[in-house]
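Chemist: Sharing input-v4.cif here; it has mmCIF, C-alpha atoms and all ligand atoms.
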```cif
data_start
loop_
_atom_site.label_atom_id
_atom_site.label_comp_id
_atom_site.auth_asym_id
_atom_site.auth_seq_id
_atom_site.Cartn_x
_atom_site.Cartn_y
_atom_site.Cartn_z
CA MET A 1 98.40 35.02 119.46
CA ASN A 2 96.28 32.06 118.50
CA ARG A 3 94.24 32.51 121.65
CA ALA A 4 93.62 36.18 120.86
CA ARG A 5 92.34 35.21 117.41
CA ALA A 6 90.35 32.24 118.65
CA LEU A 7 88.45 34.05 121.43
CA PRO A 8 86.07 36.21 119.34
CA ALA A 9 85.15 33.23 117.18
CA ALA A 10 84.49 31.07 120.24
CA GLY A 11 82.09 33.64 121.68
CA ALA A 12 80.31 34.41 118.40
CA SER A 13 77.07 32.78 119.50
CA GLU A 14 77.04 34.81 122.79
CA PRO A 15 77.07 38.53 121.93
CA ALA A 16 77.11 39.65 125.59
CA ALA A 17 80.08 37.46 126.41
CA GLN A 18 81.87 38.81 123.35
CA ARG A 19 82.01 42.42 124.50
CA PRO A 20 85.23 42.41 126.55
CA LEU A 21 87.06 40.22 124.05
CA PRO A 22 88.34 42.86 121.61
CA ARG A 23 89.89 44.69 124.57
CA ARG A 24 91.52 41.47 125.75
CA GLY A 25 92.74 40.85 122.22
CA ALA A 26 94.22 44.35 122.02
CA ALA A 27 95.91 43.92 125.38
CA ALA A 28 97.30 40.58 124.27
CA ALA A 29 98.64 42.18 121.09
CA ALA A 30 100.21 45.07 123.03
CA ALA A 31 101.93 42.78 125.57
CA PRO A 32 104.75 41.55 123.28
CA ARG A 33 105.39 45.12 122.10
CA LEU A 34 105.69 46.33 125.69
CA ASP A 35 107.85 43.33 126.52
CA ALA A 36 110.19 44.17 123.65
CA TRP A 37 110.30 47.76 124.85
CA LEU A 38 111.11 46.66 128.43
CA ALA A 39 113.83 44.35 127.10
CA HIS A 40 115.52 47.25 125.27
CA ARG A 41 119.17 47.38 126.30
CA ALA A 42 118.83 50.98 127.56
CA VAL A 43 116.07 50.13 130.07
CA LYS A 44 118.16 48.18 132.59
CA PRO A 45 120.92 50.81 132.92
CA ALA A 46 118.17 53.46 133.21
CA LEU A 47 116.58 51.46 136.03
CA PHE A 48 119.99 51.12 137.69
CA ALA A 49 120.44 54.91 137.57
CA LEU A 50 116.88 55.42 138.84
CA ALA A 51 117.53 53.14 141.83
CA LEU A 52 120.47 55.34 142.80
CA VAL A 53 118.35 58.52 142.81
CA PRO A 54 117.10 58.12 146.44
CA LEU A 55 120.70 57.74 147.64
CA ALA A 56 121.81 60.75 145.58
CA LEU A 57 118.94 62.84 147.02
CA LEU A 58 119.86 61.81 150.56
CA VAL A 59 123.54 62.69 150.04
CA ILE A 60 122.67 66.02 148.38
CA GLY A 61 120.17 66.76 151.17
CA ALA A 62 122.78 65.98 153.85
CA ILE A 63 125.37 68.25 152.16
CA ALA A 64 122.89 71.06 151.48
CA GLY A 65 121.39 70.77 154.98
CA THR A 66 117.85 70.27 153.69
CA LEU A 67 116.99 67.07 155.57
CA GLY A 68 115.12 68.87 158.32
CA ALA A 69 115.77 69.44 162.00
CA ASN A 70 117.23 65.96 162.54
CA PRO A 71 119.27 64.97 159.45
CA ALA A 72 120.67 61.79 161.08
CA GLU A 73 117.14 60.52 161.79
CA ALA A 74 116.05 61.45 158.25
CA LEU A 75 118.99 59.52 156.74
CA ILE A 76 118.30 56.42 158.86
CA ARG A 77 114.57 56.44 158.23
CA ARG A 78 114.58 57.25 154.53
CA SER A 79 117.22 54.61 153.73
CA GLY A 80 115.09 52.09 155.71
CA ASP A 81 112.02 53.17 153.73
CA TRP A 82 113.84 52.55 150.45
CA ALA A 83 115.06 49.13 151.58
CA LEU A 84 111.44 48.15 152.29
CA ARG A 85 110.10 49.68 149.05
CA LEU A 86 112.72 47.88 146.97
CA LEU A 87 111.96 44.62 148.76
CA CYS A 88 108.29 45.00 147.76
CA LEU A 89 109.25 45.93 144.18
CA THR A 90 111.57 42.91 143.87
CA LEU A 91 108.84 40.61 145.18
CA ALA A 92 106.32 42.15 142.76
CA LEU A 93 108.34 41.34 139.63
CA THR A 94 107.49 37.63 139.35
CA PRO A 95 103.71 37.97 139.86
CA LEU A 96 103.70 40.91 137.44
CA ARG A 97 105.61 38.86 134.88
CA ARG A 98 103.15 35.97 135.21
CA LEU A 99 100.20 38.34 134.95
CA THR A 100 101.42 40.32 131.95
CA GLY A 101 103.73 37.90 130.19
CA TRP A 102 106.47 40.55 130.18
CA GLN A 103 109.48 38.23 130.34
CA ALA A 104 111.87 41.20 130.43
CA LEU A 105 110.92 41.76 134.10
CA ALA A 106 112.91 38.62 135.03
CA ARG A 107 116.09 40.47 134.05
CA TRP A 108 115.51 43.13 136.68
CA ARG A 109 114.99 40.78 139.61
CA ARG A 110 118.62 40.31 140.62
CA MET A 111 119.42 44.00 140.25
CA LEU A 112 116.46 45.13 142.36
CA GLY A 113 117.18 42.42 144.94
CA LEU A 114 120.74 43.68 145.23
CA PHE A 115 119.50 47.26 145.55
CA THR A 116 117.25 46.10 148.42
CA PHE A 117 120.35 44.77 150.15
CA PHE A 118 122.33 47.90 149.24
CA TYR A 119 119.76 50.25 150.83
CA ALA A 120 119.45 47.97 153.89
CA VAL A 121 123.25 48.18 154.31
CA CYS A 122 123.16 52.00 153.85
CA HIS A 123 120.39 52.08 156.47
CA PHE A 124 122.45 50.02 158.90
CA LEU A 125 125.60 52.09 158.23
CA ALA A 126 123.68 55.34 158.77
CA TYR A 127 122.44 53.97 162.11
CA ALA A 128 125.85 52.58 163.10
CA TRP A 129 127.65 55.80 162.22
CA LEU A 130 125.17 58.58 163.05
CA ASP A 131 123.37 56.96 165.99
CA LYS A 132 126.08 54.79 167.54
CA GLY A 133 129.32 56.52 166.44
CA LEU A 134 130.53 53.24 164.89
CA ASP A 135 130.86 51.80 168.40
CA ALA A 136 130.49 48.02 167.89
CA ALA A 137 129.85 47.39 171.61
CA ALA A 138 127.08 50.02 171.68
CA ILE A 139 125.48 48.47 168.58
CA ALA A 140 125.64 44.99 170.14
CA ARG A 141 124.08 46.34 173.36
CA ASP A 142 121.30 48.03 171.36
CA ILE A 143 120.57 44.79 169.48
CA GLY A 144 120.23 43.02 172.83
CA LYS A 145 118.14 45.78 174.39
CA ARG A 146 115.68 46.86 171.69
CA PRO A 147 113.66 44.05 170.03
CA PHE A 148 112.92 46.16 166.92
CA ILE A 149 116.66 46.55 166.30
CA LEU A 150 117.16 42.80 166.80
CA VAL A 151 114.43 42.08 164.24
CA GLY A 152 115.96 44.54 161.72
CA ALA A 153 119.41 43.01 162.24
CA THR A 154 117.98 39.52 161.68
CA ALA A 155 116.35 40.65 158.43
CA LEU A 156 119.64 42.16 157.28
CA ALA A 157 121.61 39.04 158.28
CA LEU A 158 119.17 36.92 156.24
CA LEU A 159 119.50 39.24 153.25
CA LEU A 160 123.28 38.78 153.21
CA PRO A 161 123.40 35.17 151.88
CA LEU A 162 120.78 36.01 149.27
CA ALA A 163 122.86 38.92 147.99
CA ALA A 164 126.05 36.82 148.13
CA THR A 165 124.50 34.03 146.08
CA SER A 166 122.74 36.12 143.47
CA PHE A 167 125.55 35.67 140.93
CA GLY A 168 125.72 33.06 138.20
CA ARG A 169 128.72 31.27 139.66
CA ALA A 170 127.11 30.94 143.12
CA ILE A 171 123.90 29.62 141.58
CA LYS A 172 125.93 27.02 139.66
CA ALA A 173 127.95 26.05 142.74
CA LEU A 174 124.85 25.68 144.94
CA GLY A 175 122.69 23.95 142.36
CA ALA A 176 119.24 25.25 141.40
CA ALA A 177 117.32 23.34 144.10
CA ARG A 178 119.54 24.48 146.99
CA TRP A 179 119.65 28.01 145.60
CA ARG A 180 115.84 28.13 145.46
CA ALA A 181 115.60 26.73 149.00
CA LEU A 182 118.03 29.39 150.26
CA HIS A 183 116.12 32.15 148.53
CA ARG A 184 112.94 31.05 150.30
CA ALA A 185 114.42 33.05 153.20
CA VAL A 186 112.54 35.95 151.65
CA TYR A 187 109.41 34.49 153.33
CA ALA A 188 111.08 35.33 156.64
CA ILE A 189 112.83 38.54 155.59
CA ALA A 190 109.70 40.35 154.43
CA PRO A 191 107.66 39.72 157.65
CA LEU A 192 110.73 40.57 159.77
CA ALA A 193 111.26 43.87 157.92
CA LEU A 194 107.56 44.60 158.37
CA LEU A 195 107.68 43.73 162.07
CA HIS A 196 110.72 46.00 162.45
CA PHE A 197 108.78 48.83 160.80
CA TYR A 198 105.62 48.11 162.83
CA TRP A 199 107.50 48.08 166.14
CA MET A 200 109.18 51.36 165.33
CA ARG A 201 105.93 53.06 164.31
CA ALA A 202 103.95 51.49 167.19
CA ALA A 203 105.82 53.71 169.61
CA LYS A 204 104.28 56.69 167.76
CA ARG A 205 100.91 55.01 167.19
CA ASP A 206 101.34 55.70 163.48
CA PHE A 207 100.09 52.66 161.59
CA ASP A 208 98.85 53.93 158.19
CA GLU A 209 101.98 53.11 156.20
CA VAL A 210 102.54 49.89 158.14
CA ILE A 211 99.07 48.68 157.13
CA ALA A 212 99.74 49.61 153.47
CA TYR A 213 103.03 47.67 153.42
CA ALA A 214 101.43 44.74 155.27
CA ALA A 215 98.69 44.55 152.62
CA VAL A 216 101.19 44.67 149.74
CA LEU A 217 103.46 42.04 151.30
CA ALA A 218 100.52 39.79 152.23
CA LEU A 219 99.39 39.91 148.60
CA LEU A 220 102.85 39.21 147.16
CA LEU A 221 103.78 36.44 149.62
CA GLY A 222 100.23 35.04 149.57
CA TRP A 223 100.41 34.75 145.78
CA ARG A 224 103.71 32.83 146.08
CA ALA A 225 102.37 30.52 148.79
CA TRP A 226 99.23 29.86 146.74
CA ARG A 227 101.29 28.96 143.66
CA ALA A 228 103.58 26.71 145.72
CA LEU A 229 100.53 24.89 147.13
CA GLU A 230 99.09 24.52 143.64
CA ARG A 231 102.35 22.97 142.45
C1 LIG B 301 120.96 45.85 161.49
C2 LIG B 301 119.88 46.15 160.82
C3 LIG B 301 118.99 47.32 161.11
C4 LIG B 301 119.07 48.30 162.05
C5 LIG B 301 120.13 48.46 163.13
C6 LIG B 301 117.96 49.19 161.87
C7 LIG B 301 117.72 50.31 162.61
C8 LIG B 301 116.68 51.20 162.44
C9 LIG B 301 116.47 52.43 163.17
C10 LIG B 301 117.37 52.93 164.30
C11 LIG B 301 115.37 53.02 162.69
C12 LIG B 301 114.80 54.39 163.07
C13 LIG B 301 114.10 54.38 164.37
C14 LIG B 301 113.66 55.77 164.79
O1 LIG B 301 113.91 56.75 164.11
O2 LIG B 301 113.03 55.84 165.84
C15 LIG B 301 114.84 52.16 161.65
C16 LIG B 301 113.71 52.39 160.94
C17 LIG B 301 113.33 51.66 159.85
N1 LIG B 301 113.95 50.55 159.31
FE1 LIG B 301 115.58 49.65 160.05
N2 LIG B 301 117.21 48.74 160.81
C18 LIG B 301 117.81 47.60 160.32
C19 LIG B 301 117.37 46.81 159.26
C20 LIG B 301 116.34 47.14 158.45
C21 LIG B 301 115.94 46.38 157.29
C22 LIG B 301 116.62 45.11 156.79
C23 LIG B 301 114.87 47.04 156.74
C24 LIG B 301 114.07 46.73 155.53
C25 LIG B 301 114.32 45.84 154.61
C26 LIG B 301 114.58 48.19 157.57
C27 LIG B 301 113.56 49.09 157.36
C28 LIG B 301 113.26 50.15 158.20
C29 LIG B 301 112.13 51.01 158.01
C30 LIG B 301 111.11 50.92 156.89
C31 LIG B 301 112.16 51.96 159.05
C32 LIG B 301 111.17 53.06 159.33
C33 LIG B 301 111.43 54.28 158.48
C34 LIG B 301 110.36 55.33 158.70
O3 LIG B 301 109.86 55.49 159.81
O4 LIG B 301 109.99 55.98 157.72
N3 LIG B 301 115.49 48.22 158.59
N4 LIG B 301 115.67 51.06 161.51
#
```
In structure tokens, how does this file's structure come out?
Modeler:
Amino acid sequence: MNRARALPAAGASEPAAQRPLPRRGAAAAAAPRLDAWLAHRAVKPALFALALVPLALLVIGAIAGTLGANPAEALIRRSGDWALRLLCLTLALTPLRRLTGWQALARWRRMLGLFTFFYAVCHFLAYAWLDKGLDAAAIARDIGKRPFILVGATALALLLPLAATSFGRAIKALGAARWRALHRAVYAIAPLALLHFYWMRAAKRDFDEVIAYAAVLALLLGWRAWRALER
């Protein structure tokens, strides 16, 4: 607030440098209002409901028979897509909070992280059920045979402890430092999920989406690495 008031005065002797300042001041004034709006108690449940929409659409599509010629493939792929999208969204919350000052975003992090895990589990279950008929031996053989499945399984296995320790009691039991160290596994999970996606699409020589996700993840992880180095 003080900064917003101080900036125009500081630039008073430089008219050209002053020009963007009112806009910055307005943005600074709007930020707390938006933050208060995002912190409204209805927003988090609304976000929760919104995160369930992709699953609802997949279930409705499967029942109505509107998932295309290969519904099993559509279920596996679309749940995988949502796991990756939610991973990116979860990773985007902290940089966005730092950039905008919207503290309310911190309250969504655990929920979106858990939804990432939830869609990854749905993705695995769709594969295990529709592709492998819930045959554990066939799944194990596939993990050993196809590297892209091994990489996906590793990403899912690494997500498991993060989901299991995302609750207050687990954080307390682990201690903040150990909890933070454990959650650094996201630096491995994101590249593994991307590699899994790349390997799958490489067979079809279809790289457009892979490049888009790679750019987003490089930005989000790069920002974290840069901040860690700064610290
Ligand atoms: C045990 C764990 C996993 C298994 C067995 C698995 C298996 C699969 C399979 C069979 C496909 C479809 C391949 C095809 O249609 O040719 C696929 C695609 C995909 N998976 Fe996974 N996956 C796993 C974990 C993950 C995780 C953890 C993520 C992300 C966080 C993920 C994201 C994706 C994505 C984005 C696709 C591509 C979807 C598309 O083409 O639109 N998978 N996975």
Chemist: Work out how far apart atom C18 of ligand LIG 301 (chain B) and CA of His196 in chain A are and give it in Å to one decimal.
Modeler: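 It comes out at 7.6 Å.
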Chemist: So for ligand LIG 301 (chain B), what box centre and size do we get, axis-aligned, 6 Å extra on each of the six sides, every listed atom, Å to one decimal, as lines of an AutoDock Vina configuration file?
Modeler:
```
center_x = 115.4
center_y = 50.9
center_z = 160.2
size_x = 23.1
size_y = 23.6
size_z = 23.2
```
Chemist: My list of candidates is A:Ala36, A:Val53, A:Ala42, A:Ala214. Which is closest to ligand LIG 301 (chain B) when distances are computed with all atoms listed in the file?
Modeler: A:Ala214
Chemist: From the list A:Val186, A:Asp131, A:Thr165, A:Phe124, which residue is nearest Asn70 in chain A when using all atoms listed in the file?
Modeler: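 With all atoms listed in the file as the atom set, the closest residue is A:Asp131.
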Chemist: Between chain A and ligand LIG 301 (chain B), at 6 Å or less, what are the per-residue closest atom pairs and their distances in Å? Count all atoms listed in the file, order by chain and rising residue number, and return it as a tab-separated table.
Modeler:
```
residue	atom	partner	partner_atom	distance
A:Glu73	CA	B:LIG301	O1	5.5
A:Ile76	CA	B:LIG301	C12	5.8
A:Arg77	CA	B:LIG301	C33	3.8
A:Arg78	CA	B:LIG301	O4	5.7
A:Gly80	CA	B:LIG301	C28	3.6
A:Asp81	CA	B:LIG301	C30	4.0
A:Ala83	CA	B:LIG301	C25	4.5
A:Leu84	CA	B:LIG301	C25	4.4
A:Ala120	CA	B:LIG301	C22	5.0
A:Phe124	CA	B:LIG301	C3	4.9
A:Tyr127	CA	B:LIG301	C10	5.6
A:Ile149	CA	B:LIG301	C5	5.1
A:Gly152	CA	B:LIG301	C19	3.6
A:Ala153	CA	B:LIG301	C1	3.3
A:Ala155	CA	B:LIG301	C22	4.8
A:Leu156	CA	B:LIG301	C22	4.3
A:Ala193	CA	B:LIG301	C24	4.7
A:Phe197	CA	B:LIG301	C29	4.9
A:Met200	CA	B:LIG301	C13	5.9
```
Chemist: Please determine, counting all atoms listed in the file, which residue among A:Lys172, A:Arg201, A:His183, A:Arg110 has the shortest atom-to-atom distance to Phe148 in chain A.
Modeler: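 Looking only at the distances to Phe148 in chain A, the closest residue turns out to be A:Arg201.
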Chemist: Rounded to one decimal place, report the CA of Leu87 in chain A-CA of Leu112 in chain A distance in Å.
Modeler: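 Taking CA of Leu87 in chain A as the start and CA of Leu112 in chain A as the end point, the length is 7.8 Å.
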Chemist: Using CA of Leu162 in chain A and CA of Ile189 in chain A as the two end points, give the distance in Å to one decimal.
Modeler: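 Straight-line distance from CA of Leu162 in chain A to CA of Ile189 in chain A works out to 10.5 Å.
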Chemist: When distances are computed from all atoms listed in the file, which of A:Arg205, A:Arg33, A:Arg98, A:Arg109 shows the smallest separation from Phe48 in chain A?
Modeler: A:Arg109
Chemist: Return the single residue from A:Ala190, A:Ala104, A:Ala225, A:Leu195 that is closest to Asp35 in chain A, with distances computed using only C-alpha atoms.
Modeler: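 Ranked by minimum distance to Asp35 in chain A, first place goes to A:Ala104.
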Chemist: Need the shell around Leu99 in chain A: protein/DNA/RNA residues with any atom at most 12 Å away, counting only C-alpha atoms. Skip same-chain ones fewer than 4 positions apart. Format as a list in words?
Modeler: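 Contacts, in chain order: Ala27, Ala28, Ala31, Ala92, Leu93, Thr94, Pro95, Gln103, Leu105 and Trp223 of chain A.
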